[in-house]
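Engineer: You'll find my_file08.tsv just under this line, and it carries TSV, C-alpha atoms and all ligand atoms.
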chain	number	residue	atom	x	y	z
A	1	MET	CA	-44.00	-3.49	93.75
A	2	ILE	CA	-44.75	-0.37	95.75
A	3	TYR	CA	-48.31	0.31	96.85
A	4	PHE	CA	-48.89	4.04	97.33
A	5	ASP	CA	-52.68	4.11	97.05
A	6	ASN	CA	-53.59	3.81	100.71
A	7	ALA	CA	-55.92	6.82	100.59
A	8	ALA	CA	-58.16	4.76	98.30
A	9	THR	CA	-57.80	1.49	100.22
A	10	SER	CA	-54.97	0.36	102.47
A	11	TRP	CA	-52.93	-2.63	101.41
A	12	PRO	CA	-51.46	-4.90	102.55
A	13	LYS	CA	-53.60	-5.34	105.64
A	14	PRO	CA	-52.01	-5.52	109.11
A	15	PRO	CA	-51.08	-8.96	110.45
A	16	GLY	CA	-54.07	-10.80	111.90
A	17	VAL	CA	-56.77	-9.29	109.68
A	18	ALA	CA	-57.01	-12.06	107.08
A	19	GLU	CA	-56.68	-14.68	109.85
A	20	ALA	CA	-59.61	-13.15	111.80
A	21	MET	CA	-61.75	-13.20	108.66
A	22	LEU	CA	-60.85	-16.80	107.85
A	23	ARG	CA	-61.55	-17.85	111.43
A	24	PHE	CA	-65.00	-16.22	111.23
A	25	LEU	CA	-65.74	-17.96	107.93
A	26	ASN	CA	-64.38	-21.37	108.85
A	27	GLN	CA	-65.10	-21.68	112.55
A	28	VAL	CA	-67.90	-19.28	113.47
A	29	GLY	CA	-69.94	-18.61	110.38
A	30	ALA	CA	-73.31	-17.99	112.04
A	31	ASN	CA	-75.53	-14.91	111.94
A	32	PRO	CA	-74.53	-12.41	114.65
A	33	GLY	CA	-77.31	-11.40	117.01
A	34	ARG	CA	-80.02	-13.58	115.44
A	35	SER	CA	-80.14	-17.04	116.93
A	36	GLY	CA	-79.54	-18.18	120.50
A	37	HIS	CA	-77.08	-20.95	119.70
A	38	ARG	CA	-73.44	-20.80	120.58
A	39	LEU	CA	-72.10	-20.01	117.12
A	40	SER	CA	-74.48	-17.07	116.76
A	41	ILE	CA	-73.50	-15.83	120.19
A	42	GLU	CA	-69.82	-16.09	119.27
A	43	ALA	CA	-70.47	-14.15	116.02
A	44	GLY	CA	-72.29	-11.45	118.00
A	45	ARG	CA	-69.40	-11.32	120.46
A	46	ILE	CA	-66.90	-10.73	117.64
A	47	VAL	CA	-69.01	-7.90	116.21
A	48	TYR	CA	-69.36	-6.35	119.67
A	49	GLN	CA	-65.60	-6.56	120.27
A	50	THR	CA	-65.07	-4.58	117.06
A	51	ARG	CA	-67.49	-1.96	118.38
A	52	GLU	CA	-65.53	-1.86	121.65
A	53	ALA	CA	-62.18	-1.47	119.89
A	54	LEU	CA	-63.51	1.44	117.81
A	55	ALA	CA	-65.09	3.05	120.87
A	56	GLU	CA	-61.68	2.88	122.57
A	57	LEU	CA	-59.89	4.33	119.54
A	58	PHE	CA	-62.29	7.27	119.14
A	59	ASN	CA	-63.05	7.69	122.88
A	60	VAL	CA	-66.76	7.00	122.41
A	61	GLY	CA	-68.25	6.25	125.85
A	62	ASP	CA	-70.88	3.72	124.78
A	63	PRO	CA	-69.83	1.14	122.13
A	64	LEU	CA	-73.49	0.77	121.15
A	65	ARG	CA	-73.37	4.29	119.74
A	66	ILE	CA	-71.03	2.97	117.03
A	67	VAL	CA	-73.33	2.04	114.17
A	68	PHE	CA	-71.96	-0.20	111.42
A	69	GLY	CA	-72.59	0.20	107.72
A	70	SER	CA	-70.84	-0.68	104.52
A	71	ASN	CA	-68.47	2.31	104.22
A	72	ALA	CA	-67.98	5.99	105.04
A	73	THR	CA	-70.35	7.00	102.25
A	74	GLU	CA	-73.25	5.16	103.88
A	75	ALA	CA	-72.38	6.64	107.28
A	76	LEU	CA	-72.28	10.16	105.85
A	77	ASN	CA	-75.60	9.64	104.08
A	78	LEU	CA	-77.14	8.38	107.32
A	79	ALA	CA	-75.91	11.44	109.23
A	80	LEU	CA	-76.98	13.94	106.57
A	81	ARG	CA	-80.24	12.44	105.31
A	82	GLY	CA	-81.21	11.10	108.70
A	83	TYR	CA	-80.63	14.28	110.67
A	84	LEU	CA	-81.29	17.26	108.41
A	85	ARG	CA	-84.75	18.70	107.88
A	86	PRO	CA	-86.08	21.07	105.20
A	87	GLY	CA	-85.08	24.64	105.97
A	88	ASP	CA	-81.97	23.63	107.96
A	89	HIS	CA	-78.75	25.43	107.10
A	90	VAL	CA	-75.56	23.41	106.68
A	91	ILE	CA	-71.98	24.64	106.43
A	92	THR	CA	-69.25	22.65	104.75
A	93	SER	CA	-65.85	23.32	103.19
A	94	SER	CA	-64.58	23.44	99.63
A	95	MET	CA	-62.22	20.51	100.31
A	96	GLU	CA	-64.93	17.88	100.63
A	97	HIS	CA	-65.13	14.50	98.94
A	98	ASN	CA	-68.19	13.79	96.82
A	99	SER	CA	-69.52	11.49	99.53
A	100	VAL	CA	-70.30	14.71	101.43
A	101	MET	CA	-70.85	17.07	98.50
A	102	ARG	CA	-73.28	14.92	96.52
A	103	PRO	CA	-75.76	14.18	99.32
A	104	LEU	CA	-75.59	17.84	100.38
A	105	ARG	CA	-76.14	19.08	96.82
A	106	ALA	CA	-79.09	16.68	96.50
A	107	LEU	CA	-80.62	17.87	99.78
A	108	ALA	CA	-80.12	21.50	98.73
A	109	ARG	CA	-82.10	21.00	95.52
A	110	PRO	CA	-85.80	21.70	96.04
A	111	SER	CA	-87.95	18.92	94.67
A	112	ALA	CA	-91.71	18.71	94.18
A	113	GLY	CA	-93.42	19.46	97.46
A	114	ARG	CA	-90.23	19.40	99.49
A	115	GLN	CA	-88.34	22.40	100.78
A	116	ALA	CA	-84.57	22.11	100.48
A	117	ILE	CA	-81.81	22.62	103.01
A	118	ALA	CA	-79.66	25.76	102.65
A	119	LEU	CA	-75.98	25.08	102.00
A	120	THR	CA	-72.90	27.26	102.48
A	121	VAL	CA	-69.59	25.98	101.10
A	122	VAL	CA	-66.81	27.90	102.83
A	123	PRO	CA	-63.80	28.36	100.53
A	124	CYS	CA	-60.45	26.97	101.70
A	125	SER	CA	-57.04	28.40	100.81
A	126	PRO	CA	-55.23	27.23	97.65
A	127	GLN	CA	-53.14	25.04	99.99
A	128	GLY	CA	-56.30	23.28	101.14
A	129	PHE	CA	-56.66	24.82	104.62
A	130	LEU	CA	-59.75	26.24	106.27
A	131	ASP	CA	-59.74	29.33	108.47
A	132	PRO	CA	-62.04	28.68	111.47
A	133	ALA	CA	-63.02	32.38	111.44
A	134	ASP	CA	-64.55	31.88	107.98
A	135	LEU	CA	-66.48	28.92	109.32
A	136	GLU	CA	-67.85	30.90	112.25
A	137	ALA	CA	-68.76	33.85	109.99
A	138	ALA	CA	-71.01	31.52	107.97
A	139	ILE	CA	-73.16	30.52	110.98
A	140	ARG	CA	-76.84	31.53	110.82
A	141	PRO	CA	-79.59	31.13	113.39
A	142	GLU	CA	-80.94	28.14	111.44
A	143	THR	CA	-77.54	26.40	111.06
A	144	ALA	CA	-78.13	22.79	112.10
A	145	MET	CA	-74.81	21.22	111.18
A	146	ILE	CA	-71.19	21.84	110.25
A	147	VAL	CA	-69.80	19.05	108.05
A	148	LEU	CA	-66.05	18.81	107.67
A	149	ASN	CA	-63.50	16.55	106.14
A	150	HIS	CA	-60.88	15.81	108.80
A	151	ALA	CA	-58.21	15.59	106.12
A	152	SER	CA	-58.34	16.04	102.38
A	153	ASN	CA	-58.11	12.87	100.34
A	154	VAL	CA	-56.41	14.90	97.60
A	155	CYS	CA	-53.49	16.71	99.28
A	156	GLY	CA	-53.81	15.49	102.88
A	157	SER	CA	-54.38	18.94	104.43
A	158	LEU	CA	-55.84	18.71	107.93
A	159	LEU	CA	-58.93	20.79	108.65
A	160	PRO	CA	-59.52	22.50	112.02
A	161	VAL	CA	-61.91	19.96	113.48
A	162	ARG	CA	-61.33	20.88	117.13
A	163	GLU	CA	-61.99	24.57	116.45
A	164	ALA	CA	-65.09	23.59	114.47
A	165	GLY	CA	-66.28	21.55	117.47
A	166	ALA	CA	-66.00	24.60	119.70
A	167	ILE	CA	-67.83	26.75	117.13
A	168	ALA	CA	-70.63	24.16	116.87
A	169	ARG	CA	-71.04	24.17	120.67
A	170	ARG	CA	-71.07	27.97	120.84
A	171	HIS	CA	-73.82	28.18	118.24
A	172	GLY	CA	-75.87	25.15	119.24
A	173	CYS	CA	-75.43	23.06	116.08
A	174	LEU	CA	-73.84	19.67	115.44
A	175	LEU	CA	-70.42	18.83	114.01
A	176	LEU	CA	-70.23	15.92	111.56
A	177	VAL	CA	-66.67	14.87	110.71
A	178	ASP	CA	-65.73	12.78	107.68
A	179	ALA	CA	-62.80	10.86	109.11
A	180	ALA	CA	-62.36	8.57	106.10
A	181	GLN	CA	-58.75	9.73	105.72
A	182	THR	CA	-57.76	9.98	109.38
A	183	ALA	CA	-59.42	7.17	111.36
A	184	GLY	CA	-56.49	4.93	112.31
A	185	ALA	CA	-53.84	7.36	111.09
A	186	TYR	CA	-54.40	10.44	113.23
A	187	PRO	CA	-55.54	10.74	116.86
A	188	LEU	CA	-59.29	11.25	117.10
A	189	ASP	CA	-61.14	11.88	120.34
A	190	VAL	CA	-64.81	12.66	119.90
A	191	LYS	CA	-65.06	14.13	123.41
A	192	ALA	CA	-61.98	16.37	123.34
A	193	ASP	CA	-62.67	17.40	119.73
A	194	GLN	CA	-66.41	17.87	120.46
A	195	ILE	CA	-67.41	15.79	117.45
A	196	ASP	CA	-71.10	14.88	117.43
A	197	LEU	CA	-71.11	12.54	114.44
A	198	LEU	CA	-67.99	10.75	113.20
A	199	ALA	CA	-68.13	8.88	109.90
A	200	PHE	CA	-65.33	6.35	109.37
A	201	THR	CA	-64.45	3.73	106.84
A	202	GLY	CA	-62.94	0.36	107.66
A	203	HIS	CA	-60.85	-0.29	104.59
A	204	LYS	CA	-58.32	2.53	104.82
A	205	ALA	CA	-56.07	3.29	107.82
A	206	LEU	CA	-58.13	1.12	110.18
A	207	GLY	CA	-56.71	-1.83	108.26
A	208	GLY	CA	-60.01	-3.65	107.72
A	209	PRO	CA	-61.56	-5.06	104.56
A	210	MET	CA	-63.83	-3.26	102.10
A	211	GLY	CA	-67.52	-3.29	102.97
A	212	THR	CA	-66.99	-2.02	106.51
A	213	GLY	CA	-67.43	1.40	108.06
A	214	GLY	CA	-69.81	3.27	110.29
A	215	LEU	CA	-70.97	6.25	112.24
A	216	ALA	CA	-70.14	7.14	115.84
A	217	ILE	CA	-73.12	8.99	117.28
A	218	GLY	CA	-72.29	11.45	120.04
A	219	GLU	CA	-74.30	12.04	123.17
A	220	ARG	CA	-75.68	15.38	121.96
A	221	VAL	CA	-77.36	13.75	118.97
A	222	GLU	CA	-81.01	12.95	119.63
A	223	ILE	CA	-81.65	9.39	118.49
A	224	GLU	CA	-85.35	10.32	118.05
A	225	ARG	CA	-84.38	12.87	115.41
A	226	LEU	CA	-81.78	10.78	113.52
A	227	GLU	CA	-83.83	8.71	111.08
A	228	PRO	CA	-82.43	5.43	109.69
A	229	LEU	CA	-81.71	5.01	105.96
A	230	LYS	CA	-83.45	1.65	106.01
A	231	GLN	CA	-85.72	-0.48	108.14
A	232	GLY	CA	-85.85	-4.24	108.54
A	233	GLY	CA	-84.89	-7.21	110.67
A	234	THR	CA	-82.56	-6.56	113.58
A	235	GLY	CA	-82.84	-9.74	115.63
A	236	SER	CA	-84.32	-7.63	118.45
A	237	LEU	CA	-88.02	-7.01	119.28
A	238	SER	CA	-89.04	-9.53	116.64
A	239	GLU	CA	-92.63	-9.39	117.86
A	240	ARG	CA	-92.93	-5.77	116.67
A	241	GLN	CA	-93.62	-4.59	113.14
A	242	GLU	CA	-92.02	-1.22	113.86
A	243	GLN	CA	-88.30	-0.50	113.80
A	244	PRO	CA	-86.59	-0.52	117.24
A	245	ASP	CA	-85.86	2.98	118.48
A	246	PHE	CA	-82.55	2.26	120.24
A	247	VAL	CA	-78.91	2.14	119.13
A	248	PRO	CA	-77.47	0.41	117.24
A	249	ASP	CA	-80.54	-1.56	116.07
A	250	LYS	CA	-82.41	1.50	114.81
A	251	TYR	CA	-79.73	1.90	112.14
A	252	GLU	CA	-78.51	-1.68	111.57
A	253	SER	CA	-81.20	-3.59	109.71
A	254	GLY	CA	-80.29	-6.76	107.85
A	255	THR	CA	-77.51	-9.25	108.45
A	256	ALA	CA	-74.23	-7.63	109.43
A	257	ASN	CA	-70.98	-8.10	107.50
A	258	GLY	CA	-69.69	-10.52	110.12
A	259	VAL	CA	-66.60	-11.59	108.17
A	260	GLY	CA	-65.73	-7.99	107.41
A	261	LEU	CA	-66.29	-6.81	110.97
A	262	ALA	CA	-64.09	-9.64	112.29
A	263	GLY	CA	-61.33	-8.33	110.01
A	264	LEU	CA	-62.00	-4.73	110.98
A	265	GLY	CA	-61.75	-5.66	114.65
A	266	ALA	CA	-58.30	-7.16	114.04
A	267	GLY	CA	-57.25	-4.07	112.09
A	268	VAL	CA	-58.37	-1.70	114.84
A	269	ARG	CA	-56.68	-3.80	117.51
A	270	TRP	CA	-53.45	-3.61	115.49
A	271	VAL	CA	-53.80	0.19	115.39
A	272	LEU	CA	-54.42	0.24	119.17
A	273	ASP	CA	-51.40	-2.01	119.77
A	274	GLN	CA	-49.09	0.15	117.67
A	275	GLY	CA	-50.60	3.32	119.14
A	276	VAL	CA	-52.15	5.87	116.83
A	277	GLN	CA	-49.65	8.51	118.02
A	278	ALA	CA	-46.76	6.25	117.00
A	279	ILE	CA	-48.38	5.55	113.62
A	280	ARG	CA	-48.84	9.27	113.12
A	281	ARG	CA	-45.20	10.03	114.02
A	282	TYR	CA	-43.97	7.36	111.61
A	283	GLU	CA	-46.18	8.63	108.79
A	284	VAL	CA	-45.10	12.26	109.36
A	285	GLY	CA	-41.49	11.13	108.82
A	286	LEU	CA	-42.36	9.33	105.57
A	287	THR	CA	-44.46	12.27	104.38
A	288	ARG	CA	-41.72	14.80	105.05
A	289	ARG	CA	-39.29	12.66	103.07
A	290	LEU	CA	-41.72	12.35	100.17
A	291	ILE	CA	-42.62	16.05	100.04
A	292	GLU	CA	-38.95	17.08	100.14
A	293	GLY	CA	-37.96	14.51	97.53
A	294	LEU	CA	-40.69	15.53	95.08
A	295	ALA	CA	-40.34	19.28	95.66
A	296	ASN	CA	-36.61	19.01	94.86
A	297	ILE	CA	-37.30	17.69	91.36
A	298	PRO	CA	-37.13	20.71	89.07
A	299	GLY	CA	-40.51	21.53	87.53
A	300	VAL	CA	-42.58	19.46	89.96
A	301	THR	CA	-45.41	21.25	91.77
A	302	VAL	CA	-46.42	19.64	95.07
A	303	TYR	CA	-49.87	20.71	96.32
A	304	GLY	CA	-50.89	21.55	99.88
A	305	GLY	CA	-49.00	23.25	102.68
A	306	LEU	CA	-45.70	21.37	102.08
A	307	ASP	CA	-45.61	20.73	105.81
A	308	ALA	CA	-45.92	17.11	106.93
A	309	ALA	CA	-47.13	18.20	110.37
A	310	ARG	CA	-50.23	19.78	108.84
A	311	GLN	CA	-51.29	16.91	106.62
A	312	THR	CA	-51.76	13.17	106.33
A	313	ALA	CA	-49.43	10.89	104.38
A	314	THR	CA	-51.12	11.80	101.09
A	315	VAL	CA	-49.11	13.89	98.65
A	316	ALA	CA	-50.36	15.23	95.31
A	317	PHE	CA	-48.17	16.66	92.56
A	318	ASN	CA	-47.98	17.53	88.88
A	319	PHE	CA	-45.32	18.21	86.31
A	320	ALA	CA	-46.14	20.87	83.73
A	321	GLY	CA	-46.65	19.34	80.32
A	322	LEU	CA	-47.32	15.80	81.55
A	323	LEU	CA	-50.85	14.52	82.04
A	324	PRO	CA	-51.43	12.98	85.49
A	325	SER	CA	-52.91	9.92	83.77
A	326	ASP	CA	-49.70	9.39	81.74
A	327	VAL	CA	-47.56	9.70	84.85
A	328	GLY	CA	-49.76	7.20	86.72
A	329	LEU	CA	-49.70	4.69	83.87
A	330	ARG	CA	-45.94	4.87	83.51
A	331	LEU	CA	-45.36	4.63	87.27
A	332	ASP	CA	-47.41	1.44	87.22
A	333	GLU	CA	-46.06	-0.13	84.02
A	334	GLU	CA	-42.43	0.91	84.14
A	335	TYR	CA	-41.72	1.33	87.85
A	336	ASP	CA	-44.21	-0.99	89.61
A	337	ILE	CA	-45.61	1.89	91.67
A	338	MET	CA	-49.36	1.99	92.32
A	339	CYS	CA	-50.87	5.45	92.73
A	340	ARG	CA	-54.09	7.27	91.86
A	341	VAL	CA	-54.44	10.07	89.36
A	342	GLY	CA	-57.25	12.38	88.26
A	343	LEU	CA	-59.84	14.08	90.43
A	344	HIS	CA	-60.10	11.57	93.30
A	345	CYS	CA	-63.91	11.95	93.65
A	346	ALA	CA	-63.28	15.48	94.96
A	347	PRO	CA	-63.78	18.05	92.18
A	348	ALA	CA	-64.35	20.91	94.64
A	349	ALA	CA	-61.04	20.16	96.35
A	350	HIS	CA	-59.24	20.21	93.00
A	351	GLU	CA	-60.90	23.52	92.14
A	352	THR	CA	-59.64	24.88	95.45
A	353	LEU	CA	-56.08	23.70	94.75
A	354	GLY	CA	-56.21	24.99	91.15
A	355	THR	CA	-55.88	21.50	89.65
A	356	PHE	CA	-59.33	21.20	88.07
A	357	PRO	CA	-60.06	19.68	85.57
A	358	GLN	CA	-56.81	17.87	84.83
A	359	GLY	CA	-56.37	16.62	88.41
A	360	ALA	CA	-53.08	15.48	89.90
A	361	VAL	CA	-50.93	12.46	90.68
A	362	ARG	CA	-51.53	11.26	94.23
A	363	LEU	CA	-49.10	9.13	96.23
A	364	SER	CA	-50.70	8.02	99.48
A	365	LEU	CA	-48.68	6.16	102.08
A	366	GLY	CA	-49.67	4.00	104.98
A	367	ALA	CA	-48.21	2.69	108.21
A	368	LEU	CA	-46.75	-0.35	106.42
A	369	ASN	CA	-44.77	1.65	103.84
A	370	THR	CA	-41.05	2.32	104.29
A	371	ALA	CA	-38.56	5.15	103.77
A	372	ALA	CA	-36.80	3.00	101.15
A	373	GLU	CA	-40.03	2.83	99.16
A	374	VAL	CA	-40.38	6.61	99.36
A	375	ASP	CA	-36.81	7.04	98.03
A	376	THR	CA	-37.45	4.58	95.19
A	377	ALA	CA	-40.65	6.41	94.23
A	378	VAL	CA	-38.96	9.83	94.26
A	379	GLN	CA	-36.17	8.48	92.04
A	380	ALA	CA	-38.76	6.94	89.71
A	381	VAL	CA	-40.65	10.24	89.37
A	382	ALA	CA	-37.39	12.12	88.69
A	383	LYS	CA	-36.33	9.58	86.06
A	384	LEU	CA	-39.75	9.47	84.42
A	385	ILE	CA	-39.91	13.24	84.14
A	401	LIG	C1	-62.44	12.05	102.41
A	401	LIG	C2	-63.25	10.86	102.04
A	401	LIG	N1	-64.53	10.78	102.42
A	401	LIG	C3	-65.30	9.72	102.14
A	401	LIG	C4	-64.82	8.67	101.41
A	401	LIG	C5	-65.72	7.53	101.10
A	401	LIG	O1	-65.26	6.38	101.69
A	401	LIG	P1	-65.90	4.97	101.27
A	401	LIG	O2	-65.41	4.68	99.90
A	401	LIG	O3	-65.39	4.02	102.28
A	401	LIG	O4	-67.35	5.14	101.31
A	401	LIG	C6	-63.50	8.70	100.96
A	401	LIG	C7	-62.97	7.62	100.12
A	401	LIG	O5	-62.01	7.72	99.45
A	401	LIG	C8	-62.70	9.82	101.29
A	401	LIG	O6	-61.43	9.89	100.90
Could you spell out this file's structure in structure tokens?
Structural biologist:
Amino acid sequence: MIYFDNAATSWPKPPGVAEAMLRFLNQVGANPGRSGHRLSIEAGRIVYQTREALAELFNVGDPLRIVFGSNATEALNLALRGYLRPGDHVITSSMEHNSVMRPLRALARPSAGRQAIALTVVPCSPQGFLDPADLEAAIRPETAMIVLNHASNVCGSLLPVREAGAIARRHGCLLLVDAAQTAGAYPLDVKADQIDLLAFTGHKALGGPMGTGGLAIGERVEIERLEPLKQGGTGSLSERQEQPDFVPDKYESGTANGVGLAGLGAGVRWVLDQGVQAIRRYEVGLTRRLIEGLANIPGVTVYGGLDAARQTATVAFNFAGLLPSDVGLRLDEEYDIMCRVGLHCAPAAHETLGTFPQGAVRLSLGALNTAAEVDTAVQAVAKLI
């Protein structure tokens, strides 16, 4: 069986992830950061080590500015709903996932007694790329935030995050990056890239389990302005009825996903041990092989820039006359290849690529896939067609 659905969730997980989760369940088990006994302290230590590993991977100075939540969607909602105020202007791209588009569309809709935010969606090219000049041209005096996908979950195209960081600095607004598709697969440095808010998910290239993710909050973001999505128990300042006003407790109410964060820590440490540059190089090789193999099949259209250096290991294609859903079903049933078809929760991206409403077939690779698997999949697609 070949698993090419890593852009949805990576699988299998790196060595050590399941073991770290089992160890937490069987030998630690207690509530992190709540009680003073040794098991609780050990649980808190494991959660903190995961924060440290992520801070190292993203070059975040203070691990406490990594705030955990259940996935990238929650982190993006925290950044958008927590930071934006009525009347703010936000710029995003036409390649965004619905986890950015839907909260922004909701905030841009005036409701009774509440002024909306203003939203500009900058169009990307039909290959899924964004021209930084178009981004800068959309800036207004009241622009509070630029929100960008680091890489498309549909065709893998990389967006110009570093240039966007420089634009945000020049114009005094924040840059929020949705790194769901790149965290763990592509080098990310919040300082060099001038990223103010970085939303990541644990269950994709970071190698962790579902139910993990978070937001890295840069030094330019005022904690006083960023409101939490929820309030509740934090284990700190228990004598107070008001929410703590410091990181990470302001944003982390309720018992943490200790088992999940133990697994995420092991996943991130695996990424750090391999080296994200080495993972990237390996995936570029696989991606190049896959793009070339698919593009050489007569009648197949591969979407994106057809350049592995400008995208992640996610490749989308179609064959005229065949429905993506039929291709996906037959790849699964007849060839044991797992992929994802349709619109991938990103209708705007598919409109940009010209694949709306039918969608496309998406093969997404990970660091644990092999060149032999790529060759088998290309042969399967050729035979099927
Ligand atoms: C680009 C992008 N953003 C956000 C998300 C949401 O991630 P999660 O499901 O972890 O909330 C995904 C998930 O596929 C994604 O691909």
Engineer: Would you mind listing what lies within 8 Å of Thr352 of chain A as an MDAnalysis selection string, with all atoms listed in the file counted and same-chain residues fewer than 6 positions away left out?
Structural biologist: chainID A and resid 94:95 123:128
Engineer: Report the distance between atom CA of Gly305 of chain A and atom CA of Asp5 of chain A in Å, rounded to one decimal place.
Structural biologist: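 Taking atom CA of Gly305 of chain A as the start and atom CA of Asp5 of chain A as the end point, the length is 20.3 Å.
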Engineer: How far is it from atom CA of Asn98 of chain A to atom CA of Ala79 of chain A, in Å with one decimal?
Structural biologist: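 Value for the atom CA of Asn98 of chain A-atom CA of Ala79 of chain A distance: 14.8 Å.
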Engineer: Given a cut-off of 9 Å, what residues near ligand LIG 401 (chain A) show up using only C-alpha atoms and all ligand atoms, put as number ranges by chain?
Structural biologist: A: 7-9, 70-76, 95-100, 149-154, 178-182, 199-204, 210-213, 344-346
Engineer: Which one of A:Val177, A:Tyr186, A:Gly156, A:Ala295 sits closest to Arg280 of chain A if you count all atoms listed in the file?
Structural biologist: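 Counting all atoms listed in the file, the residue closest to Arg280 of chain A is A:Tyr186.
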Engineer: When distances are computed from all atoms listed in the file, which of A:Met1, A:Val315, A:Ala266, A:Leu198 shows the smallest separation from Val221 of chain A?
Structural biologist: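 Closest residue, counting all atoms listed in the file: A:Leu198.
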Engineer: Which is closer to Lys230 of chain A than all the others in A:Ala144, A:Leu78, A:Leu188, A:Leu329, using all atoms listed in the file?
Structural biologist: A:Leu78
Engineer: Near segment 277-279 of chain A, within 8 Å and counting all atoms listed in the file, which residues show up once chain neighbours fewer than 6 positions away are dropped, as a PyMOL selection string?
Structural biologist: chain A and resi 185-187+271+367
Engineer: With distances taken over all atoms listed in the file, which of A:Leu365, A:Leu158, A:Leu80, A:Ile291 is nearest to Trp11 of chain A?
Structural biologist: A:Leu365
Engineer: Considering all atoms listed in the file, return as a list of chain:residue names whatever protein or nucleic-acid residues lie within 10 Å of Asp131 of chain A, sequence-local ones (same chain, fewer than 4 positions apart) excluded.
Structural biologist: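 Result of the neighbour search: A:Val122, A:Pro123, A:Cys124, A:Ser125, A:Leu135, A:Glu136, A:Leu159, A:Pro160, A:Glu163, A:Ala164.
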Engineer: For Asp375 of chain A, which residue out of A:Ile139, A:Ile2, A:Leu104, A:Leu229 is the nearest one, using all atoms listed in the file?
Structural biologist: A:Ile2
Engineer: Between atom CA of Asn26 of chain A and atom CA of Gly207 of chain A, what is the spacing in Å?
Structural biologist: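 Between these atoms lies a distance of 21.0 Å.
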Engineer: Counting all atoms listed in the file, which of A:Asp249, A:Glu333, A:Glu19, A:Asp196 gets nearest to Val60 of chain A?
Structural biologist: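 Closest to Val60 of chain A, using all atoms listed in the file: A:Asp196.
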